[in-house]
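What follows is a short report on a single structure.
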Amino acid sequence: MDYRSAFLSPSDLESFTAHLQRSQRIVAVPGAGLSASSGLPTFRGAGGLWRNYNATSLATPGAFRSDPGLVWMFYSYRRHMSLNAKPNPAHYALAELARRKPEFLTLSQNVDGLSPRAGHPADQVKLLHGSLFDVKCEDESCGYIRRDDFDDPIVPALAIPADESSMAEQSKARPDQALQAAMARKAALIKGLDISDASIPIPTIPRSSLPHCPKCKTSLLRPGVVWFGEMLPEAVLSDIDAYFDEVDPKPQAEAGNKGHMQPKKVDLCLVIGTSSQVYPAAGYASQARSMGARVAVINTDPSDARDLQEGDWFFKGDAADIVPEILKSVIGEPKASEVGKAG
Ligand code: BV8
């Protein structure tokens, strides 16, 4: 691990490790930064733009109603990238922590499928915002849903246009190193033209060529993700509430609460690679804190470490480096097969 980019003060690592080892109930809230080292762009990366569109504005029911072809192209591109990406050591580290700490729960904002592909125990990861690889009928009343659809493209019309000229030419054009590296990592994941670049023409796709619902046969299929303005999946919300509402079997005789069962404490919350701007996901760290948790933020950008308090930790650096390192005392050294980064 190159300490140059990562900042891990020995005293912080020591106090964190001591707390981690005595922690049973741990919550993690990862965001796009967790998958950055796998080559997947974050929402704020590249200015949060896909072509000239604000990525968050494409992730809305309104955008799909007004231009389903464009929105499908956006998601087909992200399915393509995610399928060609590999989980990084941070995904594997969280999966291993789940095996070692049965009361560890990951509340992931990511729809890229990399945590499940890293073997994260399914009952210990909640996909708050759905998955790129689930599709469902746009007509809620139809109710059709198909999970784990990894066809790429999902329909021929959504294929990423083939690339005549080598991507290398394009990335060579960019001056600064970091962007070069990010471009190279991203380029490695695109078997075709990088259509996130608005200068690359994309076809207008007629509605008839888009995926249609095989059940009601009238409506379109849409990506199985949670769009802005849409509620999170009921099952996910109730599982999370069940975790936070879990009570301590041992009635607390002392402190005058007449043996009432107290909600179990949460010991630690890991906030990993997220700008903590999207709700309700951004609210879980303070909910964990209100239940006794100390918070550790892992991010490359200190300005995204929101409301750190006394006793918290901020680890500056790449999640793929930091997460395995700070969890090492519990999960051990990452296995060789897991030490792959994209590009
Ligand atoms: C709802 C799926 C209501 C789709 C996504 C309260 C206050 C204000 C607003 C609201 C509120 N409650 C609700 C809202 C509205 C809205 C919201 O939060 N808006 C925000 C923008 C203000 N919330 C909603 O609409 C939610 N629904 O509230 O329903 C409702 C109520 C009743 C009835 C009906 C409805 C639904 C929100 C879910 C939207 N879907 N994703 C898709 O992906 O296409 S959100 C999507 O954006 C992601 O899933 C993620 O959650 C978010 C992006 O954030 P991050 O993942 O953090 O990524 P970002 O790029 O921002 O940051 C990356 C970070 O990583 C940075 O900090 C960077 O420094 C760091 N980093 C980069 N590289 C690395 C790194 N760190 C470590 N290592 C690295 N290598």
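Starting from 1 in every chain, residues are counted up; chains themselves are A, B, ... following the order of the structure tokens, and ligands are numbered from 1 as listed.
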
Checklist entry - Can you tell me, as a VMD selection string, what residues are no more than 8 Å from Leu40 in chain A when counting only C-alpha atoms, ignoring any on the same chain fewer than 3 positions away? => result chain A and resid 32 35 to 37 81 to 82 85 186

Would you export the selected residues with N, CA and C atoms as an mmCIF file, in the first residue's frame, please?
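Dumped to out_26.cif:
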```cif
data_model
loop_
_atom_site.group_PDB
_atom_site.id
_atom_site.type_symbol
_atom_site.label_atom_id
_atom_site.label_comp_id
_atom_site.auth_asym_id
_atom_site.auth_seq_id
_atom_site.Cartn_x
_atom_site.Cartn_y
_atom_site.Cartn_z
ATOM 1 N N ALA A 32 -20.195 5.457 -4.692
ATOM 2 C CA ALA A 32 -19.487 5.226 -5.963
ATOM 3 C C ALA A 32 -17.973 5.175 -5.794
ATOM 4 N N SER A 35 -16.160 1.819 -5.846
ATOM 5 C CA SER A 35 -15.900 1.152 -7.133
ATOM 6 C C SER A 35 -15.016 1.978 -8.060
ATOM 7 N N ALA A 36 -14.537 3.124 -7.582
ATOM 8 C CA ALA A 36 -13.728 3.997 -8.454
ATOM 9 C C ALA A 36 -12.480 3.276 -8.948
ATOM 10 N N SER A 37 -11.826 2.534 -8.066
ATOM 11 C CA SER A 37 -10.602 1.839 -8.460
ATOM 12 C C SER A 37 -10.858 0.650 -9.369
ATOM 13 N N MET A 81 -20.015 -1.297 -18.748
ATOM 14 C CA MET A 81 -18.812 -0.973 -17.961
ATOM 15 C C MET A 81 -18.719 -1.879 -16.727
ATOM 16 N N SER A 82 -19.834 -2.010 -16.033
ATOM 17 C CA SER A 82 -19.810 -2.785 -14.777
ATOM 18 C C SER A 82 -19.519 -4.256 -15.042
ATOM 19 N N ALA A 85 -15.930 -4.588 -15.494
ATOM 20 C CA ALA A 85 -15.115 -4.189 -14.332
ATOM 21 C C ALA A 85 -14.923 -5.383 -13.401
ATOM 22 N N LYS A 186 -10.969 3.644 -17.418
ATOM 23 C CA LYS A 186 -12.334 3.579 -17.968
ATOM 24 C C LYS A 186 -12.284 2.960 -19.363
#
```

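When the distance limit is 8 Å and only C-alpha atoms are what count, the residues near range 302-317 of chain A, minus those fewer than 2 positions from it on the same chain, are Ser5, Ala6, Phe7, Leu8, Asp12, Phe16, Thr274, Ser275, Ser276, Arg294, Val295, Ala296, Val297, Ile298, Asn299, Thr300, Ala319, Asp321 and Ile322 of chain A.
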
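Near Glu103 in chain A, within 8 Å and counting only C-alpha atoms, sit Gln24, Arg25, Ile26, Ala98, Lys101 and Leu105 of chain A, not including residues fewer than 2 positions from it in the same chain.
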
Next on the checklist: What's around Lys126 in chain A at 9 Å? Count only C-alpha atoms, leave out sequence neighbours fewer than 2 positions away in its own chain, and write the answer as a PyMOL selection string.
Outcome noted: chain A and resi 105-109+122-124+128-130+236-237+239-240

Next on the checklist: Run DSSP on the backbone and tell me which residues of range 86-181 of chain A come out as alpha helix (DSSP H); list them as a PyMOL selection string.
Outcome noted: chain A and resi 89-100+114-117+167-173+177-181

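You will find CA of Ser57 in chain A at 25.0 Å from CA of Tyr144 in chain A.
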
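Every residue of range 85-271 of chain A found in strand (DSSP E) when DSSP is run on the backbone appears here: A:Phe104, A:Leu105, A:Thr106, A:Leu107, A:Ser108, A:Val125, A:Lys126, A:Leu127, A:Gly130, A:Ser131, A:Leu132, A:Phe133, A:Asp134, A:Val135, A:Lys136, A:Cys137, A:Ile145, A:Arg146, A:Leu221, A:Arg222, A:Pro223, A:Gly224, A:Val225, A:Leu268, A:Cys269, A:Leu270, A:Val271.
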
Next on the checklist: I'd like the contact shell of Tyr284 in chain A - 10 Å cut-off, only C-alpha atoms, skipping same-chain residues fewer than 6 positions apart - returned as a PyMOL selection string.
Outcome noted: chain A and resi 27-29+107+240+244+269+271+276+290

Would you save the residues from that selection as a PDB file, in the first residue's frame, using N, CA, C and O atoms?
```pdb
ATOM      1  N   VAL A  27     -22.055  -1.144  10.715  1.00  0.00           N
ATOM      2  CA  VAL A  27     -22.781  -0.798   9.491  1.00  0.00           C
ATOM      3  C   VAL A  27     -21.807  -0.111   8.542  1.00  0.00           C
ATOM      4  O   VAL A  27     -20.937   0.651   8.980  1.00  0.00           O
ATOM      5  N   ALA A  28     -21.899  -0.435   7.257  1.00  0.00           N
ATOM      6  CA  ALA A  28     -21.116   0.285   6.250  1.00  0.00           C
ATOM      7  C   ALA A  28     -22.067   0.919   5.242  1.00  0.00           C
ATOM      8  O   ALA A  28     -23.101   0.327   4.910  1.00  0.00           O
ATOM      9  N   VAL A  29     -21.751   2.149   4.803  1.00  0.00           N
ATOM     10  CA  VAL A  29     -22.538   2.849   3.785  1.00  0.00           C
ATOM     11  C   VAL A  29     -21.590   3.260   2.655  1.00  0.00           C
ATOM     12  O   VAL A  29     -21.001   4.332   2.681  1.00  0.00           O
ATOM     13  N   LEU A 107     -24.941  -1.219   3.673  1.00  0.00           N
ATOM     14  CA  LEU A 107     -26.067  -0.536   3.012  1.00  0.00           C
ATOM     15  C   LEU A 107     -25.477   0.168   1.798  1.00  0.00           C
ATOM     16  O   LEU A 107     -24.990   1.289   1.883  1.00  0.00           O
ATOM     17  N   ILE A 240     -33.727  -3.025   6.935  1.00  0.00           N
ATOM     18  CA  ILE A 240     -32.841  -2.078   7.622  1.00  0.00           C
ATOM     19  C   ILE A 240     -33.465  -1.654   8.951  1.00  0.00           C
ATOM     20  O   ILE A 240     -32.804  -1.648   9.995  1.00  0.00           O
ATOM     21  N   PHE A 244     -31.899  -2.048  12.774  1.00  0.00           N
ATOM     22  CA  PHE A 244     -31.707  -0.955  13.737  1.00  0.00           C
ATOM     23  C   PHE A 244     -32.630  -1.114  14.949  1.00  0.00           C
ATOM     24  O   PHE A 244     -32.299  -0.712  16.044  1.00  0.00           O
ATOM     25  N   CYS A 269     -19.659   2.623  12.344  1.00  0.00           N
ATOM     26  CA  CYS A 269     -20.227   2.865  11.010  1.00  0.00           C
ATOM     27  C   CYS A 269     -19.100   3.292  10.079  1.00  0.00           C
ATOM     28  O   CYS A 269     -18.348   4.221  10.383  1.00  0.00           O
ATOM     29  N   VAL A 271     -18.234   4.825   6.529  1.00  0.00           N
ATOM     30  CA  VAL A 271     -18.792   5.611   5.425  1.00  0.00           C
ATOM     31  C   VAL A 271     -17.717   5.668   4.343  1.00  0.00           C
ATOM     32  O   VAL A 271     -16.690   6.324   4.510  1.00  0.00           O
ATOM     33  N   SER A 276     -22.269  11.515   0.439  1.00  0.00           N
ATOM     34  CA  SER A 276     -23.334  11.601   1.457  1.00  0.00           C
ATOM     35  C   SER A 276     -24.318  12.716   1.159  1.00  0.00           C
ATOM     36  O   SER A 276     -24.691  13.490   2.043  1.00  0.00           O
ATOM     37  N   SER A 290     -26.524   7.777  16.448  1.00  0.00           N
ATOM     38  CA  SER A 290     -27.522   7.976  17.528  1.00  0.00           C
ATOM     39  C   SER A 290     -27.715   6.695  18.323  1.00  0.00           C
ATOM     40  O   SER A 290     -28.260   6.706  19.416  1.00  0.00           O
TER      41      SER A 290
END
```
